[in-house]
Amino acid sequence: MLKTLTAYTTEIDNSATAVQEILDQLRPAEQLRSNSVGIIACHSEFVDSGAAKTICDSLPFDVVGTITTVQATGDAIGMLHLSLMVLTSDDLTFKVARTGSIIDQTTAAIEQAYQEAAAAQSSDPALLFMFGPYRADKFGDDYVNTLTRLSHGAPCFGTLAVDDTPGFQKSYMLYNGEPYRDALSLILIYGALQPKFYIATISPDKLINHPALITSADCHIIKEINHRPVTEYFQNLGLIPANIEGYTYAMASCPFVLDYGDGTPPVSKVFIGLNEEHHAICAGITPEGSTIYLGIAEKTDTLLTTRAAVQAALQDAAGASGILVYSCISRYMALGSDFFAEIELVRDEIAGRLPFMMNYSGGEACPTQIKDNVSVNRFHNNAFILCLF
């Protein structure tokens, strides 16, 4: 049986006070069972001050997670916060791992960390959590696909960090309080656990009715759509001007849905902009042969889809222990000046019913479906993802 605890602090500068606030809420001597693991989310100032490391050092279990912008538990919402979710159980086993550098040998680094964590286990994990830094030169699809292969299709759920600096320079993965810009951390959960997953993206009526085929692409760069230069496609829709010199970030606020054409549910992605060759840069891998549907990002639809996902989860929540939520920073941006609207909605729906933690993300890992006990794990952008366990 799994028990979920949450705690938070706003104390950045006085580490001793921050530790005491966390311990007072967790009451570890009373509440921890034989096996425990922590998931952390915090503003980068908690790393700069040393408070994140001091808090993690005070706890008798491993703690992994990411830097974030806005976060919430049932007790608090804020930016300059540190939030902690603790999973504790007598029946489940938690294995935590950190990869080596993913810069040059991404797949090999993930393989080594996973295999070391899973070495003594006789089965595949029931659930796999993944946490990573945001990097413009790396793609969450590669992480998720590698972990799916290694775990033989175990459900993979997680996030990439996001921060509020220009260029996301402090978008760290955190491993026991230490920040990393070049490594992933993993939690492998073994035992009788049946997690459920819920995703919110763009409502069908907010998709522009002009599906198009990606006919030339290189990893995350779309070169041609419908056998024509990608810019012609956007010009024909009136989304970018005919003279695009210097118009680098034309599509940055234009999310799209990607259909892989393999019978699995489509996933949400976002554009970063245009490169010097006027090719579209995306925040994830966009395979040739996939179909894209452009969408419209707006506050009303963001809240509508989020509410539907949360309510669907709560309808299935009998016997559940907790909820972990990540929402893409692009959804936060779609809220305009009402930037707490989505996270307040989630808090209002869940608080008092189950322990939960939510924070914003630079990319989301979540299964789109589970069939025959094998997950179709995908990496998303512009998505709200929820794990009920």
# chains A, B, ... in the order shown; residues from 1 in each chain; ligands from 1
>>> select_by_dssp(residues="region 113-348 of chain A", states="alpha helix (DSSP H)", output="PyMOL selection string")
chain A and resi 113-118+140-150+230-236+299-315+329-334+341-348
>>> atom_distance(atom1="CA of Leu294 (chain A)", atom2="CA of Phe256 (chain A)")
4.2 Å
>>> residues_around(residues="Ser290 (chain A)", least_positions_apart="2", cutoff="8 Å", atoms="only C-alpha atoms", output="JSON, numbers by chain")
{"A": [213, 214, 258, 259, 260, 261, 286, 287, 288, 292]}
>>> write_last_selection(atoms="C-alpha atoms", output="PDB file, in the first residue's frame")
ATOM      1  CA  LEU A 213       1.718  15.970 -44.173  1.00  0.00           C
ATOM      2  CA  ILE A 214       5.336  16.414 -43.099  1.00  0.00           C
ATOM      3  CA  LEU A 258       1.125  15.595 -34.330  1.00  0.00           C
ATOM      4  CA  ASP A 259      -0.440  12.359 -35.601  1.00  0.00           C
ATOM      5  CA  TYR A 260       2.222   9.697 -36.120  1.00  0.00           C
ATOM      6  CA  GLY A 261      -0.090   7.696 -38.377  1.00  0.00           C
ATOM      7  CA  THR A 286       8.707  15.472 -35.890  1.00  0.00           C
ATOM      8  CA  PRO A 287       9.031  12.397 -38.111  1.00  0.00           C
ATOM      9  CA  GLU A 288       8.478  12.484 -41.841  1.00  0.00           C
ATOM     10  CA  ILE A 292       0.123  18.036 -38.252  1.00  0.00           C
TER      11      ILE A 292
END
>>> closest_atom_pairs(of="region 9-82 of chain A", to="region 134-151 of chain A", cutoff="12 Å", atoms="only C-alpha atoms", output="Markdown table")
| residue | atom | partner | partner_atom | distance |
| --- | --- | --- | --- | --- |
| A:Thr66 | CA | A:Tyr134 | CA | 9.6 |
| A:Ile67 | CA | A:Tyr134 | CA | 9.7 |
| A:Thr68 | CA | A:Tyr134 | CA | 10.6 |
>>> atom_distance(atom1="CA of Thr4 (chain A)", atom2="CA of Ile370 (chain A)")
23.9 Å
>>> residues_around(residues="Cys282 (chain A)", least_positions_apart="4", cutoff="12 Å", atoms="only C-alpha atoms", output="ChimeraX atom specification")
/A:136-141,217-223,249,251-258,268-275,286-287,363,380-382
>>> write_last_selection(atoms="N, CA and C atoms", output="mmCIF file, in the first residue's frame")
data_model
loop_
_atom_site.group_PDB
_atom_site.id
_atom_site.type_symbol
_atom_site.label_atom_id
_atom_site.label_comp_id
_atom_site.auth_asym_id
_atom_site.auth_seq_id
_atom_site.Cartn_x
_atom_site.Cartn_y
_atom_site.Cartn_z
ATOM 1 N N ALA A 136 17.995 23.050 -25.280
ATOM 2 C CA ALA A 136 17.550 23.252 -26.651
ATOM 3 C C ALA A 136 18.186 22.258 -27.610
ATOM 4 N N ASP A 137 19.296 21.617 -27.194
ATOM 5 C CA ASP A 137 20.000 20.697 -28.086
ATOM 6 C C ASP A 137 19.663 19.234 -27.816
ATOM 7 N N LYS A 138 18.736 18.967 -26.907
ATOM 8 C CA LYS A 138 18.334 17.599 -26.600
ATOM 9 C C LYS A 138 16.809 17.506 -26.624
ATOM 10 N N PHE A 139 16.302 16.278 -26.835
ATOM 11 C CA PHE A 139 14.876 16.112 -27.036
ATOM 12 C C PHE A 139 14.321 15.015 -26.146
ATOM 13 N N GLY A 140 13.230 15.351 -25.480
ATOM 14 C CA GLY A 140 12.616 14.410 -24.567
ATOM 15 C C GLY A 140 12.148 13.137 -25.239
ATOM 16 N N ASP A 141 11.853 13.197 -26.544
ATOM 17 C CA ASP A 141 11.455 11.984 -27.263
ATOM 18 C C ASP A 141 12.526 10.904 -27.143
ATOM 19 N N ALA A 217 11.816 16.269 -43.131
ATOM 20 C CA ALA A 217 12.148 16.697 -41.772
ATOM 21 C C ALA A 217 13.468 16.078 -41.356
ATOM 22 N N ASP A 218 14.139 16.733 -40.446
ATOM 23 C CA ASP A 218 15.384 16.239 -39.871
ATOM 24 C C ASP A 218 15.281 16.381 -38.367
ATOM 25 N N CYS A 219 14.956 15.275 -37.705
ATOM 26 C CA CYS A 219 14.797 15.263 -36.242
ATOM 27 C C CYS A 219 13.706 16.246 -35.823
ATOM 28 N N HIS A 220 14.059 17.426 -35.342
ATOM 29 C CA HIS A 220 13.079 18.404 -34.859
ATOM 30 C C HIS A 220 12.908 19.579 -35.816
ATOM 31 N N ILE A 221 13.451 19.452 -37.015
ATOM 32 C CA ILE A 221 13.374 20.517 -38.011
ATOM 33 C C ILE A 221 12.440 20.086 -39.139
ATOM 34 N N ILE A 222 11.356 20.838 -39.342
ATOM 35 C CA ILE A 222 10.461 20.561 -40.470
ATOM 36 C C ILE A 222 10.890 21.418 -41.650
ATOM 37 N N LYS A 223 11.217 20.762 -42.748
ATOM 38 C CA LYS A 223 11.676 21.467 -43.941
ATOM 39 C C LYS A 223 10.563 21.651 -44.965
ATOM 40 N N TYR A 249 10.677 34.188 -34.876
ATOM 41 C CA TYR A 249 9.805 33.542 -33.905
ATOM 42 C C TYR A 249 8.334 33.615 -34.314
ATOM 43 N N MET A 251 6.111 31.430 -35.348
ATOM 44 C CA MET A 251 5.131 30.428 -34.935
ATOM 45 C C MET A 251 5.251 30.033 -33.469
ATOM 46 N N ALA A 252 6.016 30.801 -32.687
ATOM 47 C CA ALA A 252 6.321 30.377 -31.323
ATOM 48 C C ALA A 252 5.077 30.207 -30.461
ATOM 49 N N SER A 253 3.997 30.939 -30.775
ATOM 50 C CA SER A 253 2.776 30.833 -29.975
ATOM 51 C C SER A 253 1.731 29.966 -30.647
ATOM 52 N N CYS A 254 2.149 29.160 -31.614
ATOM 53 C CA CYS A 254 1.212 28.349 -32.407
ATOM 54 C C CYS A 254 1.424 26.863 -32.107
ATOM 55 N N PRO A 255 0.676 26.272 -31.184
ATOM 56 C CA PRO A 255 0.836 24.845 -30.904
ATOM 57 C C PRO A 255 0.260 24.007 -32.047
ATOM 58 N N PHE A 256 0.643 22.754 -32.092
ATOM 59 C CA PHE A 256 0.053 21.867 -33.083
ATOM 60 C C PHE A 256 -0.041 20.459 -32.519
ATOM 61 N N VAL A 257 -0.899 19.678 -33.147
ATOM 62 C CA VAL A 257 -1.065 18.276 -32.791
ATOM 63 C C VAL A 257 -0.406 17.432 -33.855
ATOM 64 N N LEU A 258 0.367 16.459 -33.430
ATOM 65 C CA LEU A 258 1.125 15.595 -34.330
ATOM 66 C C LEU A 258 0.530 14.192 -34.294
ATOM 67 N N SER A 268 0.557 16.611 -28.522
ATOM 68 C CA SER A 268 0.689 18.055 -28.705
ATOM 69 C C SER A 268 2.158 18.447 -28.749
ATOM 70 N N LYS A 269 2.500 19.348 -29.666
ATOM 71 C CA LYS A 269 3.853 19.853 -29.816
ATOM 72 C C LYS A 269 3.810 21.366 -30.004
ATOM 73 N N VAL A 270 4.973 21.997 -29.956
ATOM 74 C CA VAL A 270 5.048 23.439 -30.194
ATOM 75 C C VAL A 270 6.241 23.758 -31.090
ATOM 76 N N PHE A 271 6.110 24.871 -31.814
ATOM 77 C CA PHE A 271 7.211 25.409 -32.591
ATOM 78 C C PHE A 271 8.047 26.341 -31.717
ATOM 79 N N ILE A 272 9.329 26.392 -31.999
ATOM 80 C CA ILE A 272 10.209 27.360 -31.362
ATOM 81 C C ILE A 272 10.366 28.587 -32.256
ATOM 82 N N GLY A 273 10.400 28.367 -33.578
ATOM 83 C CA GLY A 273 10.548 29.476 -34.508
ATOM 84 C C GLY A 273 11.087 29.005 -35.834
ATOM 85 N N LEU A 274 11.739 29.889 -36.564
ATOM 86 C CA LEU A 274 12.342 29.583 -37.853
ATOM 87 C C LEU A 274 13.858 29.711 -37.750
ATOM 88 N N ASN A 275 14.562 28.801 -38.433
ATOM 89 C CA ASN A 275 16.017 28.929 -38.462
ATOM 90 C C ASN A 275 16.451 29.771 -39.669
ATOM 91 N N THR A 286 9.863 15.424 -34.990
ATOM 92 C CA THR A 286 8.707 15.472 -35.890
ATOM 93 C C THR A 286 8.998 14.590 -37.107
ATOM 94 N N PRO A 287 8.633 13.332 -37.054
ATOM 95 C CA PRO A 287 9.031 12.397 -38.111
ATOM 96 C C PRO A 287 8.359 12.692 -39.453
ATOM 97 N N GLY A 363 8.556 20.399 -20.866
ATOM 98 C CA GLY A 363 8.288 19.238 -21.723
ATOM 99 C C GLY A 363 7.794 18.107 -20.855
ATOM 100 N N HIS A 380 5.529 15.108 -24.832
ATOM 101 C CA HIS A 380 4.563 16.112 -25.233
ATOM 102 C C HIS A 380 5.115 17.524 -25.008
ATOM 103 N N ASN A 381 4.541 18.472 -25.730
ATOM 104 C CA ASN A 381 4.656 19.906 -25.420
ATOM 105 C C ASN A 381 3.233 20.451 -25.341
ATOM 106 N N ASN A 382 3.089 21.595 -24.699
ATOM 107 C CA ASN A 382 1.773 22.228 -24.584
ATOM 108 C C ASN A 382 0.732 21.275 -23.997
#
>>> closest_residue(among="A:Ala317, A:Ile189, A:Ala7, A:Ala183", to="Pro125 (chain A)", atoms="only C-alpha atoms")
A:Ile189
>>> atom_distance(atom1="CA of Pro28 (chain A)", atom2="CA of Gly78 (chain A)")
24.5 Å
>>> residues_around(residues="His43 (chain A)", least_positions_apart="2", cutoff="9 Å", atoms="only C-alpha atoms", output="number ranges by chain")
A: 41, 45-47, 66-71, 79-82, 163-164
>>> write_last_selection(atoms="all heavy atoms", output="CSV table (one decimal), in the first residue's frame")
chain,number,residue,atom,x,y,z
A,41,ALA,N,10.2,20.0,-6.4
A,41,ALA,CA,10.0,21.1,-7.3
A,41,ALA,C,10.3,22.4,-6.6
A,41,ALA,O,9.8,22.6,-5.5
A,41,ALA,CB,8.6,21.1,-7.9
A,45,GLU,N,16.2,29.8,-7.0
A,45,GLU,CA,16.8,30.5,-5.9
A,45,GLU,C,17.1,29.6,-4.7
A,45,GLU,O,17.9,29.8,-3.9
A,45,GLU,CB,16.0,31.7,-5.4
A,45,GLU,CG,16.0,32.9,-6.4
A,45,GLU,CD,15.5,34.2,-5.9
A,45,GLU,OE1,15.5,34.3,-4.6
A,45,GLU,OE2,15.2,35.1,-6.7
A,46,PHE,N,16.3,28.5,-4.6
A,46,PHE,CA,16.5,27.5,-3.5
A,46,PHE,C,17.8,26.8,-3.8
A,46,PHE,O,18.5,26.3,-2.8
A,46,PHE,CB,15.3,26.6,-3.4
A,46,PHE,CG,14.2,27.1,-2.7
A,46,PHE,CD1,13.2,27.9,-3.4
A,46,PHE,CD2,14.0,27.0,-1.3
A,46,PHE,CE1,12.1,28.4,-2.7
A,46,PHE,CE2,12.9,27.5,-0.6
A,46,PHE,CZ,12.0,28.2,-1.3
A,47,VAL,N,18.2,26.6,-5.0
A,47,VAL,CA,19.5,26.0,-5.4
A,47,VAL,C,20.6,27.0,-5.1
A,47,VAL,O,21.6,26.7,-4.5
A,47,VAL,CB,19.5,25.6,-6.8
A,47,VAL,CG1,20.9,25.1,-7.2
A,47,VAL,CG2,18.5,24.4,-7.0
A,66,THR,N,12.9,18.7,-10.3
A,66,THR,CA,13.3,19.8,-11.2
A,66,THR,C,13.1,21.1,-10.7
A,66,THR,O,12.2,21.3,-9.8
A,66,THR,CB,12.6,19.7,-12.6
A,66,THR,OG1,11.2,19.8,-12.4
A,66,THR,CG2,12.9,18.4,-13.3
A,67,ILE,N,13.8,22.1,-11.3
A,67,ILE,CA,13.5,23.5,-11.1
A,67,ILE,C,12.2,23.8,-11.8
A,67,ILE,O,11.9,23.2,-12.9
A,67,ILE,CB,14.6,24.4,-11.7
A,67,ILE,CG1,15.9,24.2,-10.9
A,67,ILE,CG2,14.2,25.9,-11.7
A,67,ILE,CD1,15.7,24.6,-9.4
A,68,THR,N,11.3,24.7,-11.3
A,68,THR,CA,10.1,25.1,-12.0
A,68,THR,C,9.8,26.6,-11.7
A,68,THR,O,10.6,27.2,-11.0
A,68,THR,CB,8.9,24.2,-11.5
A,68,THR,OG1,7.8,24.5,-12.3
A,68,THR,CG2,8.6,24.5,-10.0
A,69,THR,N,8.8,27.1,-12.4
A,69,THR,CA,8.4,28.5,-12.2
A,69,THR,C,7.3,28.6,-11.1
A,69,THR,O,7.5,29.1,-10.1
A,69,THR,CB,7.9,29.0,-13.5
A,69,THR,OG1,6.9,28.2,-14.1
A,69,THR,CG2,9.1,29.2,-14.5
A,70,VAL,N,6.1,28.0,-11.4
A,70,VAL,CA,5.0,28.1,-10.5
A,70,VAL,C,4.7,26.7,-10.0
A,70,VAL,O,4.7,25.7,-10.8
A,70,VAL,CB,3.7,28.7,-11.2
A,70,VAL,CG1,2.6,28.8,-10.2
A,70,VAL,CG2,4.1,30.1,-11.7
A,71,GLN,N,4.3,26.5,-8.8
A,71,GLN,CA,4.0,25.2,-8.2
A,71,GLN,C,2.9,25.3,-7.2
A,71,GLN,O,2.6,26.3,-6.7
A,71,GLN,CB,5.3,24.6,-7.6
A,71,GLN,CG,5.9,25.5,-6.5
A,71,GLN,CD,7.3,25.3,-6.2
A,71,GLN,OE1,7.7,24.4,-5.5
A,71,GLN,NE2,8.2,26.1,-6.8
A,79,MET,N,5.4,31.1,-6.6
A,79,MET,CA,6.6,31.0,-7.5
A,79,MET,C,7.9,30.7,-6.6
A,79,MET,O,8.6,29.8,-6.9
A,79,MET,CB,6.8,32.3,-8.2
A,79,MET,CG,5.7,32.5,-9.3
A,79,MET,SD,6.0,34.1,-10.2
A,79,MET,CE,4.8,34.0,-11.4
A,80,LEU,N,8.1,31.5,-5.6
A,80,LEU,CA,9.3,31.4,-4.8
A,80,LEU,C,9.1,30.3,-3.7
A,80,LEU,O,9.1,30.6,-2.5
A,80,LEU,CB,9.7,32.7,-4.2
A,80,LEU,CG,10.2,33.8,-5.2
A,80,LEU,CD1,10.4,35.1,-4.6
A,80,LEU,CD2,11.4,33.3,-6.0
A,81,HIS,N,8.8,29.1,-4.1
A,81,HIS,CA,8.4,28.0,-3.2
A,81,HIS,C,9.3,26.9,-3.5
A,81,HIS,O,9.9,26.7,-4.6
A,81,HIS,CB,7.0,27.6,-3.4
A,81,HIS,CG,5.9,28.5,-2.9
A,81,HIS,ND1,4.7,28.0,-2.4
A,81,HIS,CD2,5.9,29.8,-2.7
A,81,HIS,CE1,4.0,29.0,-1.9
A,81,HIS,NE2,4.7,30.1,-2.1
A,82,LEU,N,9.4,26.0,-2.5
A,82,LEU,CA,9.9,24.6,-2.7
A,82,LEU,C,8.9,23.7,-2.2
A,82,LEU,O,8.4,23.8,-1.1
A,82,LEU,CB,11.2,24.4,-1.9
A,82,LEU,CG,11.9,23.0,-2.0
A,82,LEU,CD1,13.4,23.2,-1.8
A,82,LEU,CD2,11.3,22.0,-0.9
A,163,ASP,N,12.6,27.4,-16.0
A,163,ASP,CA,12.9,28.4,-15.0
A,163,ASP,C,12.5,29.8,-15.6
A,163,ASP,O,12.1,29.8,-16.8
A,163,ASP,CB,14.3,28.4,-14.5
A,163,ASP,CG,15.3,28.9,-15.6
A,163,ASP,OD1,15.4,28.4,-16.7
A,163,ASP,OD2,15.9,30.0,-15.3
A,164,ASP,N,12.7,30.8,-14.9
A,164,ASP,CA,12.3,32.2,-15.4
A,164,ASP,C,13.5,33.0,-15.8
A,164,ASP,O,13.4,34.3,-15.8
A,164,ASP,CB,11.5,32.9,-14.3
A,164,ASP,CG,12.1,32.9,-12.9
A,164,ASP,OD1,13.3,32.6,-12.8
A,164,ASP,OD2,11.4,33.2,-11.9
>>> residues_around(residues="Glu111 (chain A)", least_positions_apart="3", cutoff="9 Å", atoms="only C-alpha atoms", output="PyMOL selection string")
chain A and resi 99+106-108+114-116+146-147+150
>>> residues_around(residues="region 331-334 of chain A", least_positions_apart="2", cutoff="9 Å", atoms="only C-alpha atoms", output="ChimeraX atom specification")
/A:201,253,297-299,302,327-329,336-343,360,382-384
>>> select_by_dssp(residues="region 108-337 of chain A", states="strand (DSSP E)", output="number ranges by chain")
A: 127-132, 156-160, 173-175, 178-180, 185-190, 196-200, 212-218, 221-225, 228-229, 255-259, 267-274, 280-282, 291-294, 323-328
>>> closest_residue(among="A:Ile103, A:Ala320, A:Ile55, A:Ala280", to="Tyr233 (chain A)", atoms="only C-alpha atoms")
A:Ala280
>>> closest_residue(among="A:Lys53, A:Lys196, A:Arg378, A:Arg33", to="Gly177 (chain A)", atoms="only C-alpha atoms")
A:Lys53
